[in-house]
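Written below as structure tokens is the structure these notes are about.
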Amino acid sequence: MITMTPVLERWFAGCPFWPAEQTDFYLAVPRMPTSQQVGTVVWTLIAHSVTAEDRSITARDAAEAIEKYLTCDDEDFAAGGLRLGDDGFVIDPGCCVGLDEWRDWRLVIGGEVIYLGHDPDPLVEHRGPVVRVWMTGGQHSSGTALNPDEPHIDIPRHVLPALLGAVQQDLAGFLTALHPWVQGIRADLADPLVAAVDRRLRISAPLGI
């Protein structure tokens with residue numbers, strides 16, 4: 001079964017402001033998260049905004065940490081993307097792409113090739129009704145024929161709209177859980193934080209596919 005899962009890269013250590021899980025490098029954004037999972041995702045999103053170059057924390061408390069995220073640039077990078085899965089085999093997004101770019105996958109439906117990052121350099125290849133994603137295809141020179149035994153996932157093109165719709169539902173479910181979680185920190189921050197995450201990760205607008 002082919003799956004697409006929104007994931008974020010975790011670059012920072014434990015959160016000093018609220019409970020957060022210690023997870024793998026790639027953190028999946030769950031559709032129905034627990035309170036601790038919400039806190040883990042929020043910390044992954046805002047840690048960069050409250051961490052100095054020497055790794056010291058620049059916010060005094062949880063509310064100030066959220067406020068700093070709200071005042072940072074909307075283009076502040078949310079490293080991650082979409083994890084592809086097929087019966088236990090996964091291809092994670094490469095480096096230097098963001099979860100905010102997840103909608104770019106709509107272009108693949110129409111036959112375009114999108115950048116999926118480097119290390120491990122996943123590569124999109126169009127094969128008629130199938131979109132093949134090679135785990136390390138981008139490491140090869142342009143025009144080089146790839147060995148069919150190299151790790152890859154084949155996605156029937158017609159299922160991409162449903163897969164992207166499921167990704168949007170995952171992210172929307174997280175937004176739903178985020179609001180009451182933020183209210184527990186400071187009620188007046190709930191609406192602004194939900195709106196900022198929605199806007200920066202491009203969650204709620206219609207997909208148009």
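We label chains A, B, ... in the order they appear in the structure tokens, count residues from 1 in each chain, and number ligands from 1 in the order shown.
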message: Residues near region 2-19 of chain A, anyone? I mean within 6 Å using only C-alpha atoms, not counting same-chain ones fewer than 2 positions away, as an MDAnalysis selection string.
response: chainID A and resid 25:29 36 44 62 79:86
Take the residues just selected and output them with C-alpha atoms as a tab-separated table (two decimals), in the first residue's frame.
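Saved file result02.tsv follows:
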```tsv
chain	number	residue	atom	x	y	z
A	25	PHE	CA	15.35	12.43	13.02
A	26	TYR	CA	12.17	12.55	10.92
A	27	LEU	CA	9.06	13.37	12.91
A	28	ALA	CA	5.72	12.36	11.40
A	29	VAL	CA	2.90	14.89	11.86
A	36	GLN	CA	2.73	15.39	23.92
A	44	THR	CA	10.20	21.16	15.99
A	62	ALA	CA	6.66	28.91	26.71
A	79	ALA	CA	12.68	21.41	7.04
A	80	GLY	CA	10.98	18.19	6.00
A	81	GLY	CA	8.56	17.09	3.33
A	82	LEU	CA	6.58	14.00	2.42
A	83	ARG	CA	7.70	10.50	3.33
A	84	LEU	CA	6.76	7.86	0.79
A	85	GLY	CA	5.99	4.35	1.97
A	86	ASP	CA	5.25	1.04	0.30
```
message: Excluding His158 (chain A) and its own-chain neighbours fewer than 6 positions away, which residues fall within 12 Å of it when counting only C-alpha atoms? Please give them as a list in words.
response: Arg106, Val108, Ile109, Gly110, Gly111, Gly128, Pro129, Val130, Val131, Leu164 and Ile209 of chain A
For the contact check between region 28-145 of chain A and region 168-192 of chain A, emit one row per residue of region 28-145 of chain A within 8 Å, containing the shortest atom pair and the distance in Å rounded to one decimal, counting only C-alpha atoms, chain then rising number order, as CSV.
```
residue,atom,partner,partner_atom,distance
A:Val29,CA,A:Leu171,CA,6.9
A:Pro30,CA,A:Asp170,CA,6.0
A:Arg31,CA,A:Asp170,CA,4.0
A:Met32,CA,A:Gly173,CA,5.9
A:Pro33,CA,A:Phe174,CA,6.5
A:Ser35,CA,A:Trp181,CA,6.7
A:Val38,CA,A:Leu178,CA,6.3
A:Gly39,CA,A:Trp181,CA,7.9
A:Ala62,CA,A:Ile185,CA,7.0
A:Ala63,CA,A:Ile185,CA,6.5
A:Ile66,CA,A:Leu189,CA,7.7
A:Glu67,CA,A:Leu189,CA,7.8
A:Leu70,CA,A:Pro192,CA,7.4
```
query: So how many Å separate CA of Gln37 (chain A) and CA of Val90 (chain A), to one decimal?
result: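 Distance reported for this atom pair: 21.5 Å.
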- prompt: Could you name the residues that touch Pro151 (chain A) at 9 Å or less, counting only C-alpha atoms, but leaving out those on the same chain fewer than 5 positions away, as an MDAnalysis selection string?
  reply: chainID A and resid 89 91 133:137
